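Okay, so here's the structure we're looking at.
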Amino acid sequence: MPESFWEHEPVRQALASRHLGRVIRAYRYHPYHGRNAMPQSVVAGWLGITQAQLSRIENGPALVHLDRLAHWATLIGVPPARLWFATDSHTPAGAQADKNSVGPDAGRRALLAGIAAVATGAGLVGAAGDVQPRRIGSADVARLSAVLDLYRSVDRESGGGLLYREIARFAESVYRMLEWSHADELTPRLVAAVAAARQLAGWTALDAGRHSDAQRHFIAAERAAITVDDMPLAALIRYSQAKQLQHLRHNRDALATLQLAQAQLGPRATPALSALLLGAEAASTAALGDHQGALNSLGRASDRFERINAEREPSWMAFYDRAELLAQYGRVYRDIARQAGTHAEQAVQSVESAVAAFGPANVRSSVLNEVGLCSALFLADEPERAVVVGARAVAQSGSLTSRRVIDRIVNLRRDLTRHRQLPAVAEFEHVLKARAAVAV
């Protein structure tokens with residue numbers, strides 16, 4: 001977590017009370033995680049205990065066992081300087097970065113090593129990426145979901161480049177668990193966990209620019225979700241496929257994929273999932289030149305969004321919020337501005353609102369929308385502001401491992417053309433050309 005996370009007043013008070021249970025509760029309710037508190041079941045899975053046990057720890061007397069205090073504080077990433085006890089000797093194997101390492105990737109690799117240590121400690125993978133088969137139960141599936149939530153948080157903050165190999169290996173390990181002994185009634189949940197893991201592997205591959213790997217994982221994920229008739233999860237996978245097709249500018253195929261997802265969902269579509277699919281449909285529709293159709297889809301997406309009840313949505317839809325919807329508005333308005341010369345001001349307003357709405361956990365989305373804001377400002381004939389925003393986005397992209405972000409930055413050249421005579425814009429274009437050369 002960023003340092004500002006631990007400055008949140010409820011977290012500060014919990015740390016001052018020297019009660020790790022209260023710290024965990026404040027951690028779960030931190031606004032960093034979105035509109036809703038992180039479920040006890042998820043954090044309990046990280047810690048290797050039950051939800052009931054975590055409830056007692058949060059509300060009961062303070063823990064005094066140093067080994068457990070140190071291990072759990074390390075798992076949720078409390079900075080040692082903020083603790084009232086030492087953790088160095090209790091750091092999970094592989095979770096501590098090389099003391100000589102510098103830069104953001106060193107800390108992220110340490111975090112990934114820590115997540116791998118959690119998975120290993122839960123018996124989900126072995127130290128070498130494999131583990132001896134055993135009988136598994138519902139608690140193991142809950143732990144799988146908890147580890148996936150950890151990986152998703154890293155993806156949103158850092159990008160898929162650093163994460164892809166790790167999550168791909170984890171997804172393969174989860175797939176092998178299908179052959180382990182388990183009760184028949186557990187099979188649908190286990191297969192759904194396989195689908196979710198392969199979807200995340202595909203998403204991180206897409207973000208890393210590994211498109212053939214992404215397609216392979218998405219196909220496997222879709223097959224698994226359909227096998228257990230989990231059509232909402234299958235729809236999320238198809239949404240991911242459509243995002244890849246949009247990135248590659250295959251918008252007709254993306255639109256067909258999204259429409260298939262909606263048709264197969266039918267009455268099982270939740271408001272959030274419908275809004276997500278309709279927003280993506282609007283983006284492809286606008287890119288194909290059907291501006292009114294795109295605006296109609298956006299209106300329907302907004303209508304579905306207002307009906308969202310977070311408690312009735314799948315847990316993996318927690319990422320979808322108003323910022324994501326506003327980002328789709330910005331994307332549609334930018335395409336209309338490019339093609340028809342209208343809606344540029346609406347594009348600026350929508351993307352500015354999206355940037356303001358994204359929380360600190362969504363670093364990649366924030367940067368992607370800074371890039372979108374730069375584009376919108378060029379289209380709105382505000383080149384001076386566009387250069388300032390664009391330079392900021394280029395600088396911020398250095399903290400990410402996302403090829404998708406780099407591709408978007410390089411593509412800014414298409415929107416600055418009519419302002420190229422301005423010295424500041426010409427200099428910015430030179431920066432973009434240099435960034436493109438490095439990215440090849």
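Ordered as shown in the structure tokens, chains take letters A, B, and onward, while each chain numbers its residues from 1 and ligands are numbered from 1 in the order shown.
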Show me, as a PDB file with all heavy atoms, in the first residue's frame, the residues that have an atom within 10 Å of A:Arg135 when counting only C-alpha atoms, minus same-chain residues fewer than 2 positions from it.
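And here is the file that came out, selection03.pdb:
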```pdb
ATOM      1  N   PRO A 133      -0.536 -33.608  -4.574  1.00  0.00           N
ATOM      2  CA  PRO A 133      -2.004 -33.665  -4.503  1.00  0.00           C
ATOM      3  C   PRO A 133      -2.475 -34.077  -3.116  1.00  0.00           C
ATOM      4  O   PRO A 133      -1.819 -34.833  -2.418  1.00  0.00           O
ATOM      5  CB  PRO A 133      -2.358 -34.725  -5.552  1.00  0.00           C
ATOM      6  CG  PRO A 133      -1.196 -34.740  -6.490  1.00  0.00           C
ATOM      7  CD  PRO A 133       0.004 -34.472  -5.643  1.00  0.00           C
ATOM      8  N   GLY A 137     -10.922 -28.836   0.303  1.00  0.00           N
ATOM      9  CA  GLY A 137     -12.266 -28.500   0.742  1.00  0.00           C
ATOM     10  C   GLY A 137     -12.634 -27.079   0.379  1.00  0.00           C
ATOM     11  O   GLY A 137     -11.899 -26.378  -0.331  1.00  0.00           O
ATOM     12  N   ASP A 140     -10.133 -24.254   0.920  1.00  0.00           N
ATOM     13  CA  ASP A 140      -9.078 -24.102  -0.084  1.00  0.00           C
ATOM     14  C   ASP A 140      -9.549 -23.236  -1.246  1.00  0.00           C
ATOM     15  O   ASP A 140      -8.788 -22.415  -1.773  1.00  0.00           O
ATOM     16  CB  ASP A 140      -8.644 -25.473  -0.602  1.00  0.00           C
ATOM     17  CG  ASP A 140      -7.947 -26.295   0.465  1.00  0.00           C
ATOM     18  OD1 ASP A 140      -6.875 -25.879   0.918  1.00  0.00           O
ATOM     19  OD2 ASP A 140      -8.485 -27.348   0.847  1.00  0.00           O
ATOM     20  N   MET A 177      -5.306 -28.584  -9.766  1.00  0.00           N
ATOM     21  CA  MET A 177      -6.068 -28.951  -8.576  1.00  0.00           C
ATOM     22  C   MET A 177      -7.382 -29.646  -8.920  1.00  0.00           C
ATOM     23  O   MET A 177      -7.978 -30.309  -8.066  1.00  0.00           O
ATOM     24  CB  MET A 177      -6.340 -27.714  -7.723  1.00  0.00           C
ATOM     25  CG  MET A 177      -5.086 -27.156  -7.050  1.00  0.00           C
ATOM     26  SD  MET A 177      -5.384 -25.624  -6.138  1.00  0.00           S
ATOM     27  CE  MET A 177      -6.392 -26.238  -4.782  1.00  0.00           C
ATOM     28  N   GLU A 179      -7.678 -32.198 -10.534  1.00  0.00           N
ATOM     29  CA  GLU A 179      -7.433 -33.637 -10.453  1.00  0.00           C
ATOM     30  C   GLU A 179      -7.300 -34.115  -9.012  1.00  0.00           C
ATOM     31  O   GLU A 179      -7.224 -35.319  -8.767  1.00  0.00           O
ATOM     32  CB  GLU A 179      -6.156 -33.985 -11.232  1.00  0.00           C
ATOM     33  CG  GLU A 179      -6.234 -33.605 -12.707  1.00  0.00           C
ATOM     34  CD  GLU A 179      -4.922 -33.871 -13.424  1.00  0.00           C
ATOM     35  OE1 GLU A 179      -3.952 -34.286 -12.756  1.00  0.00           O
ATOM     36  OE2 GLU A 179      -4.872 -33.662 -14.650  1.00  0.00           O
ATOM     37  N   TRP A 180      -7.263 -33.189  -8.055  1.00  0.00           N
ATOM     38  CA  TRP A 180      -7.132 -33.586  -6.661  1.00  0.00           C
ATOM     39  C   TRP A 180      -8.463 -34.099  -6.125  1.00  0.00           C
ATOM     40  O   TRP A 180      -9.538 -33.794  -6.639  1.00  0.00           O
ATOM     41  CB  TRP A 180      -6.669 -32.401  -5.820  1.00  0.00           C
ATOM     42  CG  TRP A 180      -5.300 -31.898  -6.151  1.00  0.00           C
ATOM     43  CD1 TRP A 180      -4.493 -32.301  -7.184  1.00  0.00           C
ATOM     44  CD2 TRP A 180      -4.588 -30.871  -5.468  1.00  0.00           C
ATOM     45  NE1 TRP A 180      -3.319 -31.595  -7.175  1.00  0.00           N
ATOM     46  CE2 TRP A 180      -3.339 -30.709  -6.138  1.00  0.00           C
ATOM     47  CE3 TRP A 180      -4.862 -30.080  -4.366  1.00  0.00           C
ATOM     48  CZ2 TRP A 180      -2.399 -29.788  -5.719  1.00  0.00           C
ATOM     49  CZ3 TRP A 180      -3.914 -29.164  -3.945  1.00  0.00           C
ATOM     50  CH2 TRP A 180      -2.700 -29.023  -4.612  1.00  0.00           C
ATOM     51  N   SER A 181      -8.378 -34.860  -5.068  1.00  0.00           N
ATOM     52  CA  SER A 181      -9.574 -35.406  -4.440  1.00  0.00           C
ATOM     53  C   SER A 181     -10.399 -34.290  -3.802  1.00  0.00           C
ATOM     54  O   SER A 181      -9.861 -33.434  -3.081  1.00  0.00           O
ATOM     55  CB  SER A 181      -9.165 -36.422  -3.366  1.00  0.00           C
ATOM     56  OG  SER A 181     -10.284 -36.849  -2.631  1.00  0.00           O
ATOM     57  N   HIS A 182     -11.699 -34.278  -4.097  1.00  0.00           N
ATOM     58  CA  HIS A 182     -12.600 -33.296  -3.489  1.00  0.00           C
ATOM     59  C   HIS A 182     -14.033 -33.795  -3.628  1.00  0.00           C
ATOM     60  O   HIS A 182     -14.347 -34.652  -4.459  1.00  0.00           O
ATOM     61  CB  HIS A 182     -12.451 -31.930  -4.154  1.00  0.00           C
ATOM     62  CG  HIS A 182     -12.740 -31.934  -5.627  1.00  0.00           C
ATOM     63  ND1 HIS A 182     -11.781 -32.206  -6.582  1.00  0.00           N
ATOM     64  CD2 HIS A 182     -13.883 -31.707  -6.320  1.00  0.00           C
ATOM     65  CE1 HIS A 182     -12.309 -32.144  -7.786  1.00  0.00           C
ATOM     66  NE2 HIS A 182     -13.598 -31.844  -7.650  1.00  0.00           N
ATOM     67  N   ALA A 183     -14.905 -33.263  -2.791  1.00  0.00           N
ATOM     68  CA  ALA A 183     -16.318 -33.642  -2.843  1.00  0.00           C
ATOM     69  C   ALA A 183     -16.936 -33.184  -4.158  1.00  0.00           C
ATOM     70  O   ALA A 183     -16.585 -32.122  -4.689  1.00  0.00           O
ATOM     71  CB  ALA A 183     -17.055 -33.010  -1.661  1.00  0.00           C
TER      72      ALA A 183
END
```
Compile the contact shell of A:Ala168 as a compact mmCIF listing (two decimals) with all heavy atoms, in the first residue's frame: residues with an atom at most 7 Å away, counting only C-alpha atoms, same-chain residues fewer than 4 positions apart removed.
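What landed in out.txt:
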```txt
# COMPACT_ATOMS: atom_id res chain seq x y z
N TYR A 164 2.56 -10.98 -15.05
CA TYR A 164 2.02 -12.03 -15.91
C TYR A 164 2.60 -13.41 -15.62
O TYR A 164 1.85 -14.38 -15.46
CB TYR A 164 2.22 -11.68 -17.39
CG TYR A 164 1.92 -12.88 -18.26
CD1 TYR A 164 0.62 -13.38 -18.34
CD2 TYR A 164 2.93 -13.57 -18.92
CE1 TYR A 164 0.34 -14.52 -19.07
CE2 TYR A 164 2.66 -14.70 -19.66
CZ TYR A 164 1.36 -15.17 -19.73
OH TYR A 164 1.08 -16.31 -20.43
N GLU A 172 -1.96 -22.15 -13.77
CA GLU A 172 -1.69 -23.54 -14.13
C GLU A 172 -1.76 -24.44 -12.90
O GLU A 172 -2.26 -25.57 -12.97
CB GLU A 172 -0.30 -23.64 -14.77
CG GLU A 172 -0.17 -22.92 -16.11
CD GLU A 172 -0.96 -23.60 -17.23
OE1 GLU A 172 -1.44 -24.73 -17.03
OE2 GLU A 172 -1.09 -22.98 -18.30
N ALA A 201 -5.03 -14.29 -15.73
CA ALA A 201 -3.80 -14.53 -16.49
C ALA A 201 -3.91 -13.91 -17.88
O ALA A 201 -2.96 -13.30 -18.39
CB ALA A 201 -3.53 -16.04 -16.59
```
Distance of atom CA of A:Arg334 from atom CA of A:Leu432, expressed in Å to one decimal place: 19.6 Å
So the first atom is atom CA of A:Pro383 and the second is atom CA of A:Ala354; what is the distance between them in Å, to one decimal place? 20.3 Å
Would you pick out the contacts of stretch 2-12 of chain A at 8 Å or less, using only C-alpha atoms, so that residues sharing its chain but fewer than 2 positions from it are not included, and give the list as a PyMOL selection string? chain A and resi 14-16+23+26-27+30+32+78
Please save all heavy atoms of the selected residues as a PDB file, in the first residue's frame.
```pdb
ATOM      1  N   ALA A  14      -5.955   2.653  15.160  1.00  0.00           N
ATOM      2  CA  ALA A  14      -5.827   1.215  15.428  1.00  0.00           C
ATOM      3  C   ALA A  14      -4.385   0.845  15.741  1.00  0.00           C
ATOM      4  O   ALA A  14      -4.108   0.063  16.662  1.00  0.00           O
ATOM      5  CB  ALA A  14      -6.342   0.422  14.226  1.00  0.00           C
ATOM      6  N   LEU A  15      -3.441   1.411  14.997  1.00  0.00           N
ATOM      7  CA  LEU A  15      -2.026   1.145  15.264  1.00  0.00           C
ATOM      8  C   LEU A  15      -1.621   1.686  16.638  1.00  0.00           C
ATOM      9  O   LEU A  15      -0.875   1.029  17.381  1.00  0.00           O
ATOM     10  CB  LEU A  15      -1.160   1.773  14.174  1.00  0.00           C
ATOM     11  CG  LEU A  15      -1.191   1.071  12.806  1.00  0.00           C
ATOM     12  CD1 LEU A  15      -0.605   1.970  11.739  1.00  0.00           C
ATOM     13  CD2 LEU A  15      -0.432  -0.248  12.860  1.00  0.00           C
ATOM     14  N   ALA A  16      -2.128   2.864  16.988  1.00  0.00           N
ATOM     15  CA  ALA A  16      -1.796   3.445  18.287  1.00  0.00           C
ATOM     16  C   ALA A  16      -2.331   2.602  19.444  1.00  0.00           C
ATOM     17  O   ALA A  16      -1.761   2.599  20.537  1.00  0.00           O
ATOM     18  CB  ALA A  16      -2.347   4.867  18.372  1.00  0.00           C
ATOM     19  N   VAL A  23      -6.364  -3.135  13.717  1.00  0.00           N
ATOM     20  CA  VAL A  23      -5.628  -2.711  12.522  1.00  0.00           C
ATOM     21  C   VAL A  23      -6.191  -3.419  11.290  1.00  0.00           C
ATOM     22  O   VAL A  23      -6.408  -2.794  10.242  1.00  0.00           O
ATOM     23  CB  VAL A  23      -4.121  -3.004  12.678  1.00  0.00           C
ATOM     24  CG1 VAL A  23      -3.379  -2.709  11.364  1.00  0.00           C
ATOM     25  CG2 VAL A  23      -3.528  -2.187  13.822  1.00  0.00           C
ATOM     26  N   ALA A  26      -9.551  -1.886  10.407  1.00  0.00           N
ATOM     27  CA  ALA A  26      -9.374  -0.582   9.762  1.00  0.00           C
ATOM     28  C   ALA A  26      -8.837  -0.739   8.346  1.00  0.00           C
ATOM     29  O   ALA A  26      -9.216  -0.004   7.429  1.00  0.00           O
ATOM     30  CB  ALA A  26      -8.426   0.281  10.602  1.00  0.00           C
ATOM     31  N   TYR A  27      -7.956  -1.725   8.154  1.00  0.00           N
ATOM     32  CA  TYR A  27      -7.420  -2.049   6.828  1.00  0.00           C
ATOM     33  C   TYR A  27      -8.571  -2.431   5.886  1.00  0.00           C
ATOM     34  O   TYR A  27      -8.649  -1.945   4.752  1.00  0.00           O
ATOM     35  CB  TYR A  27      -6.438  -3.201   6.971  1.00  0.00           C
ATOM     36  CG  TYR A  27      -5.823  -3.698   5.684  1.00  0.00           C
ATOM     37  CD1 TYR A  27      -4.553  -3.298   5.293  1.00  0.00           C
ATOM     38  CD2 TYR A  27      -6.503  -4.607   4.868  1.00  0.00           C
ATOM     39  CE1 TYR A  27      -3.981  -3.772   4.121  1.00  0.00           C
ATOM     40  CE2 TYR A  27      -5.945  -5.077   3.688  1.00  0.00           C
ATOM     41  CZ  TYR A  27      -4.685  -4.664   3.329  1.00  0.00           C
ATOM     42  OH  TYR A  27      -4.140  -5.136   2.169  1.00  0.00           O
ATOM     43  N   HIS A  30     -10.806   0.550   4.783  1.00  0.00           N
ATOM     44  CA  HIS A  30     -10.138   1.713   4.186  1.00  0.00           C
ATOM     45  C   HIS A  30     -10.755   2.033   2.821  1.00  0.00           C
ATOM     46  O   HIS A  30     -11.028   1.126   2.030  1.00  0.00           O
ATOM     47  CB  HIS A  30      -8.642   1.411   4.028  1.00  0.00           C
ATOM     48  CG  HIS A  30      -7.796   2.622   3.829  1.00  0.00           C
ATOM     49  ND1 HIS A  30      -7.860   3.406   2.701  1.00  0.00           N
ATOM     50  CD2 HIS A  30      -6.859   3.204   4.631  1.00  0.00           C
ATOM     51  CE1 HIS A  30      -7.005   4.395   2.797  1.00  0.00           C
ATOM     52  NE2 HIS A  30      -6.377   4.309   3.965  1.00  0.00           N
ATOM     53  N   TYR A  32      -9.448   2.972   0.241  1.00  0.00           N
ATOM     54  CA  TYR A  32      -8.555   2.495  -0.825  1.00  0.00           C
ATOM     55  C   TYR A  32      -9.166   1.306  -1.559  1.00  0.00           C
ATOM     56  O   TYR A  32      -8.961   1.131  -2.763  1.00  0.00           O
ATOM     57  CB  TYR A  32      -7.230   2.104  -0.169  1.00  0.00           C
ATOM     58  CG  TYR A  32      -6.125   1.641  -1.099  1.00  0.00           C
ATOM     59  CD1 TYR A  32      -5.120   2.517  -1.501  1.00  0.00           C
ATOM     60  CD2 TYR A  32      -6.044   0.320  -1.530  1.00  0.00           C
ATOM     61  CE1 TYR A  32      -4.084   2.098  -2.313  1.00  0.00           C
ATOM     62  CE2 TYR A  32      -5.015  -0.104  -2.356  1.00  0.00           C
ATOM     63  CZ  TYR A  32      -4.039   0.790  -2.746  1.00  0.00           C
ATOM     64  OH  TYR A  32      -3.028   0.362  -3.552  1.00  0.00           O
ATOM     65  N   VAL A  78       1.927  -3.963   6.678  1.00  0.00           N
ATOM     66  CA  VAL A  78       2.103  -2.822   7.573  1.00  0.00           C
ATOM     67  C   VAL A  78       3.581  -2.446   7.608  1.00  0.00           C
ATOM     68  O   VAL A  78       4.436  -3.301   7.877  1.00  0.00           O
ATOM     69  CB  VAL A  78       1.626  -3.154   9.004  1.00  0.00           C
ATOM     70  CG1 VAL A  78       1.753  -1.913   9.895  1.00  0.00           C
ATOM     71  CG2 VAL A  78       0.196  -3.666   9.003  1.00  0.00           C
TER      72      VAL A  78
END
```
Could you pull out the helix (DSSP H, G or I) residues of stretch 133-213 of chain A from DSSP and send them as a ChimeraX atom specification? /A:138-158,160-179,184-207,211-213
Hey, which bits of stretch 388-437 of chain A sit within 10 Å of stretch 240-255 of chain A, and for each residue what's the closest pair of atoms and how far apart in Å (one decimal), counting only C-alpha atoms, rows by chain and increasing number, as JSON lines?
```
{"residue": "A:Arg404", "atom": "CA", "partner": "A:His247", "partner_atom": "CA", "distance": 8.0}
{"residue": "A:Asp407", "atom": "CA", "partner": "A:His247", "partner_atom": "CA", "distance": 9.0}
{"residue": "A:Arg408", "atom": "CA", "partner": "A:His247", "partner_atom": "CA", "distance": 9.0}
```
Dump C-alpha atoms for the selected residues as an mmCIF file, in the first residue's frame?
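Result saved to selection-v9.cif:
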```cif
data_model
loop_
_atom_site.group_PDB
_atom_site.id
_atom_site.type_symbol
_atom_site.label_atom_id
_atom_site.label_comp_id
_atom_site.auth_asym_id
_atom_site.auth_seq_id
_atom_site.Cartn_x
_atom_site.Cartn_y
_atom_site.Cartn_z
ATOM 1 C CA ARG A 404 -1.123 -1.066 -22.954
ATOM 2 C CA ASP A 407 0.728 2.007 -26.630
ATOM 3 C CA ARG A 408 -1.880 4.599 -25.637
#
```
Could you make a table, as a Markdown table, of the residues of stretch 114-187 of chain A that have an atom within 12 Å of an atom of stretch 224-232 of chain A, each with its nearest atom pair and distance in Å to one decimal, counting only C-alpha atoms, in chain and number order?
```
| residue | atom | partner | partner_atom | distance |
| --- | --- | --- | --- | --- |
| A:Tyr175 | CA | A:Ala224 | CA | 9.9 |
| A:Leu178 | CA | A:Ala224 | CA | 11.2 |
| A:Glu185 | CA | A:Val228 | CA | 11.5 |
| A:Leu186 | CA | A:Val228 | CA | 11.2 |
| A:Thr187 | CA | A:Val228 | CA | 8.5 |
```
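The space between atom CA of A:Ala393 and atom CA of A:Ser302 spans 27.8 Å.
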Contacts of A:Asn411 at 12 Å or less, counting only C-alpha atoms, minus same-chain residues fewer than 5 places along, as a short mmCIF file (atom, residue, chain, number, x, y, z; two decimals) with N, CA, C and O atoms, in the first residue's frame?
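The result, written out as selection-v8.cif:
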```
data_model
loop_
_atom_site.label_atom_id
_atom_site.label_comp_id
_atom_site.auth_asym_id
_atom_site.auth_seq_id
_atom_site.Cartn_x
_atom_site.Cartn_y
_atom_site.Cartn_z
N HIS A 247 -8.35 -2.84 -28.24
CA HIS A 247 -6.97 -2.35 -28.21
C HIS A 247 -6.28 -2.59 -29.55
O HIS A 247 -5.47 -1.76 -30.00
N LEU A 368 -4.05 5.80 -17.56
CA LEU A 368 -4.73 5.64 -18.85
C LEU A 368 -5.68 6.80 -19.11
O LEU A 368 -5.78 7.30 -20.24
N VAL A 371 -3.89 9.97 -20.04
CA VAL A 371 -3.59 9.92 -21.47
C VAL A 371 -4.84 10.32 -22.27
O VAL A 371 -4.77 11.10 -23.22
N GLY A 372 -5.99 9.79 -21.86
CA GLY A 372 -7.24 10.16 -22.53
C GLY A 372 -7.55 11.63 -22.39
O GLY A 372 -8.08 12.26 -23.33
N CYS A 374 -5.31 14.05 -22.08
CA CYS A 374 -4.40 14.73 -23.01
C CYS A 374 -4.98 14.73 -24.42
O CYS A 374 -5.02 15.76 -25.10
N SER A 375 -5.45 13.58 -24.85
CA SER A 375 -6.04 13.46 -26.18
C SER A 375 -7.25 14.39 -26.32
O SER A 375 -7.40 15.10 -27.32
N GLY A 390 -0.09 15.56 -20.81
CA GLY A 390 0.61 14.48 -21.48
C GLY A 390 1.98 14.21 -20.87
O GLY A 390 2.37 13.05 -20.69
N ARG A 404 0.10 -1.73 -22.50
CA ARG A 404 -1.12 -1.07 -22.95
C ARG A 404 -1.04 0.45 -22.72
O ARG A 404 -1.46 1.25 -23.56
N VAL A 405 -0.51 0.85 -21.58
CA VAL A 405 -0.35 2.28 -21.29
C VAL A 405 0.62 2.91 -22.28
O VAL A 405 0.36 3.99 -22.82
N ILE A 406 1.73 2.22 -22.54
CA ILE A 406 2.73 2.77 -23.48
C ILE A 406 2.12 2.92 -24.87
O ILE A 406 2.32 3.94 -25.54
N LEU A 416 -2.56 15.30 -32.00
CA LEU A 416 -1.87 16.59 -31.88
C LEU A 416 -1.54 17.22 -33.23
O LEU A 416 -0.98 18.32 -33.30
N THR A 417 -1.92 16.54 -34.30
CA THR A 417 -1.46 16.94 -35.65
C THR A 417 -1.69 18.41 -35.95
O THR A 417 -0.78 19.12 -36.41
N GLU A 429 5.80 16.00 -29.19
CA GLU A 429 5.77 14.95 -30.21
C GLU A 429 7.13 14.25 -30.29
O GLU A 429 7.19 13.02 -30.48
N LEU A 432 7.20 11.73 -27.63
CA LEU A 432 6.39 10.56 -27.97
C LEU A 432 7.12 9.66 -28.97
O LEU A 432 7.05 8.42 -28.86
N LYS A 433 7.80 10.25 -29.94
CA LYS A 433 8.55 9.45 -30.90
C LYS A 433 9.67 8.68 -30.20
O LYS A 433 9.92 7.52 -30.51
N ARG A 435 9.61 7.76 -27.09
CA ARG A 435 8.97 6.71 -26.29
C ARG A 435 8.58 5.53 -27.18
O ARG A 435 8.70 4.37 -26.78
N ALA A 436 8.13 5.82 -28.40
CA ALA A 436 7.77 4.75 -29.33
C ALA A 436 8.98 3.93 -29.72
O ALA A 436 8.92 2.71 -29.84
#
```
Which residues are near A:Leu379? Cut-off 7 Å, only C-alpha atoms, ignore same chain within fewer than 2 positions. Put them as an mmCIF file with all heavy atoms, in the first residue's frame.
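File produced: out28.cif:
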```cif
data_model
loop_
_atom_site.group_PDB
_atom_site.id
_atom_site.type_symbol
_atom_site.label_atom_id
_atom_site.label_comp_id
_atom_site.auth_asym_id
_atom_site.auth_seq_id
_atom_site.Cartn_x
_atom_site.Cartn_y
_atom_site.Cartn_z
ATOM 1 N N ALA A 337 -15.454 13.223 -31.376
ATOM 2 C CA ALA A 337 -14.709 14.452 -31.667
ATOM 3 C C ALA A 337 -13.742 14.250 -32.832
ATOM 4 O O ALA A 337 -13.581 15.136 -33.683
ATOM 5 C CB ALA A 337 -13.955 14.908 -30.419
ATOM 6 N N ALA A 344 -15.997 17.454 -28.080
ATOM 7 C CA ALA A 344 -14.656 17.482 -27.492
ATOM 8 C C ALA A 344 -14.697 18.010 -26.059
ATOM 9 O O ALA A 344 -14.002 17.488 -25.172
ATOM 10 C CB ALA A 344 -13.729 18.352 -28.342
ATOM 11 N N SER A 375 -5.449 13.583 -24.851
ATOM 12 C CA SER A 375 -6.042 13.461 -26.179
ATOM 13 C C SER A 375 -7.255 14.386 -26.325
ATOM 14 O O SER A 375 -7.399 15.103 -27.320
ATOM 15 C CB SER A 375 -6.446 12.006 -26.418
ATOM 16 O OG SER A 375 -7.129 11.863 -27.631
ATOM 17 N N ALA A 376 -8.134 14.367 -25.317
ATOM 18 C CA ALA A 376 -9.342 15.194 -25.367
ATOM 19 C C ALA A 376 -9.001 16.677 -25.422
ATOM 20 O O ALA A 376 -9.661 17.452 -26.131
ATOM 21 C CB ALA A 376 -10.221 14.896 -24.148
ATOM 22 N N LEU A 377 -7.978 17.091 -24.709
ATOM 23 C CA LEU A 377 -7.579 18.507 -24.713
ATOM 24 C C LEU A 377 -7.033 18.927 -26.078
ATOM 25 O O LEU A 377 -7.291 20.044 -26.542
ATOM 26 C CB LEU A 377 -6.538 18.750 -23.618
ATOM 27 C CG LEU A 377 -7.091 18.726 -22.184
ATOM 28 C CD1 LEU A 377 -5.962 18.622 -21.175
ATOM 29 C CD2 LEU A 377 -7.951 19.965 -21.918
ATOM 30 N N ASP A 381 -8.882 21.762 -28.755
ATOM 31 C CA ASP A 381 -8.047 22.926 -29.081
ATOM 32 C C ASP A 381 -7.508 23.621 -27.836
ATOM 33 O O ASP A 381 -7.498 24.859 -27.732
ATOM 34 C CB ASP A 381 -8.825 23.926 -29.961
ATOM 35 C CG ASP A 381 -9.118 23.361 -31.346
ATOM 36 O OD1 ASP A 381 -8.281 22.584 -31.846
ATOM 37 O OD2 ASP A 381 -10.182 23.671 -31.905
ATOM 38 N N ASP A 415 -3.640 12.803 -32.345
ATOM 39 C CA ASP A 415 -4.543 13.886 -31.967
ATOM 40 C C ASP A 415 -3.862 15.249 -31.874
ATOM 41 O O ASP A 415 -4.538 16.258 -31.667
ATOM 42 C CB ASP A 415 -5.213 13.565 -30.624
ATOM 43 C CG ASP A 415 -6.157 12.375 -30.722
ATOM 44 O OD1 ASP A 415 -6.835 12.249 -31.749
ATOM 45 O OD2 ASP A 415 -6.201 11.566 -29.767
#
```
Let me make sure I understand: among A:Tyr329, A:Tyr151, A:Tyr239, A:Trp72, which one has the smallest atom-to-atom distance to A:Thr204 if we use only C-alpha atoms?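 Residue with the minimum atom-to-atom distance to A:Thr204: A:Tyr151.
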